[in-house]
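These notes concern the structure reproduced below.
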Amino acid sequence: MKTSASLTIAVVVLAALLIFYGYWISPPAGDNKIVTEPGQDLPIATKGISVPLPNEKEDVELDRRQKMEKAYSELVQARRALKSKANLLKSLSWGIKLPSAEAKQISHSMREVFVYLKNPPMLGAYYDLAEINRELRKIDSMKTGLEGAELILESKRATEISTE
């Protein structure tokens with residue numbers, strides 16, 4: 001009997017708390033009107049609801065975000081070009097016998113590219129534009145390494161074709 005009464009009291013208190021917090025979190029729709037007084041620049045809101053005014057900091061952040069998105073789209077295109085170049089070299093190198101030093105150099109540069117492309121960082125991983133530009137420079141460096149490997153493979157392929 002005693003546990004039944006305490007259980008009933010606990011349920012009533014819990015229901016009252018849920019109703020109170022439910023009203024507090026989302027008040028009725030008619031109470032959310034913004035009231036401004038003439039002669040004031042800042043809005044005065046009823047029940048603590050106010051509308052923030054746009055400021056220069058938000059404009060700067062928006063501009064920064066737009067620049068980063070543009071640079072990131074360039075980064076995505078550079079990654080695609082790098083992947084395409086690496087896949088082309090992968091197909092070019094099929095069946096070609098190379099000296100050990102050249103094979104290690106090509107293998108190292110291609111492995112570096114494929115490891116980088118396996119899990120590329122997304123836009124949110126970059127703090128500012130300089131980090132995205134650093135990634136672009138890294139991709140350019142890897143692309144240069146692949147171009148050197150491509151020259152080696154093409155010259156080797158040309159010598160194999162001429163000897164046949």
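If you're wondering about the labels, chains in the structure tokens are A, B, ... by order shown, residues count from 1 in each chain, ligands from 1 in order shown.
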Exercise for review: Fewer than 2 positions away in the same chain doesn't count, so skip those; otherwise give me all residues within 9 Å of region 127-131 of chain A, counting only C-alpha atoms, as a PyMOL selection string.
Suggested key: chain A and resi 64-65+67-68+71-72+123-125+133-136
Would you output that residue set with C-alpha atoms, as an mmCIF file, in the first residue's frame?
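Everything below was put into part.cif:
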data_model
loop_
_atom_site.group_PDB
_atom_site.id
_atom_site.type_symbol
_atom_site.label_atom_id
_atom_site.label_comp_id
_atom_site.auth_asym_id
_atom_site.auth_seq_id
_atom_site.Cartn_x
_atom_site.Cartn_y
_atom_site.Cartn_z
ATOM 1 C CA ARG A 64 35.654 33.100 -45.183
ATOM 2 C CA ARG A 65 33.315 30.131 -45.585
ATOM 3 C CA LYS A 67 36.318 31.296 -50.013
ATOM 4 C CA MET A 68 37.011 27.993 -48.293
ATOM 5 C CA ALA A 71 39.150 26.471 -52.620
ATOM 6 C CA TYR A 72 37.812 23.097 -51.478
ATOM 7 C CA LEU A 123 35.861 20.439 -45.865
ATOM 8 C CA GLY A 124 35.214 20.501 -42.119
ATOM 9 C CA ALA A 125 38.714 19.166 -41.453
ATOM 10 C CA ASN A 133 46.191 25.674 -50.152
ATOM 11 C CA ARG A 134 48.783 23.493 -48.377
ATOM 12 C CA GLU A 135 46.848 20.412 -49.501
ATOM 13 C CA LEU A 136 46.763 21.760 -53.068
#
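Across the structure, CA of Ala16 (chain A) and CA of Thr3 (chain A) are spaced 19.9 Å apart.
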Need the shell around Leu82 (chain A): protein/DNA/RNA residues with any atom at most 7 Å away, counting only C-alpha atoms. Skip same-chain ones fewer than 4 positions apart. Format as a PDB file with N, CA and C atoms, in the first residue's frame?
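Ended up saving to result_21.pdb:
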ATOM      1  N   ALA A  78      41.408  18.764 -58.087  1.00  0.00           N
ATOM      2  CA  ALA A  78      42.817  18.355 -58.135  1.00  0.00           C
ATOM      3  C   ALA A  78      42.966  16.901 -57.691  1.00  0.00           C
ATOM      4  N   ALA A  86      47.083   8.709 -61.535  1.00  0.00           N
ATOM      5  CA  ALA A  86      47.609   7.514 -60.873  1.00  0.00           C
ATOM      6  C   ALA A  86      47.041   6.244 -61.513  1.00  0.00           C
ATOM      7  N   LYS A 143      51.660  15.072 -57.978  1.00  0.00           N
ATOM      8  CA  LYS A 143      51.426  15.033 -59.423  1.00  0.00           C
ATOM      9  C   LYS A 143      52.748  15.141 -60.184  1.00  0.00           C
TER      10      LYS A 143
END
Practice item. Check the smallest atom-to-atom distance from each of A:Val76, A:Leu98, A:Val113, A:Ala15 to Leu146 (chain A) using only C-alpha atoms, then report the winner. Key: A:Val113
Exercise for review: May I have the residues within 10 Å of Gly148 (chain A) as a list in words, using only C-alpha atoms and disregarding those fewer than 4 positions away in the same chain?
Suggested key: Gln105, Ile106, Ser109, Met142, Lys143, Thr144, Ile152 and Leu153 of chain A
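Nearest to Ser141 (chain A) of all the residues A:Glu112, A:Gln77, A:Leu89, A:Leu62 is A:Glu112, based on only C-alpha atoms.
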Practice item. Pick out the residues sitting within 10 Å of Leu117 (chain A), and hand them over as a PyMOL selection string; count only C-alpha atoms, and ignore anything fewer than 2 positions along from it in its own chain. Key: chain A and resi 79-80+82-83+111-115+119-121+139
Exercise for review: Please measure the separation of CA of Ser6 (chain A) and CA of Phe20 (chain A), giving the value in Å to one decimal.
Suggested key: 21.0 Å
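Across the structure, CA of Gln66 (chain A) and CA of Ile132 (chain A) are spaced 13.0 Å apart.
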**Study point:** In region 89-146 of chain A, DSSP helix (DSSP H, G or I) residues written as an NGL selection string
**Key:** :A and (89-92 or 100-118 or 123-125 or 129-146)
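Take the candidates A:Arg137, A:Ser100, A:Thr163, A:Asn87 and check each one against Glu74 (chain A) using only C-alpha atoms; the shortest distance goes to A:Arg137.
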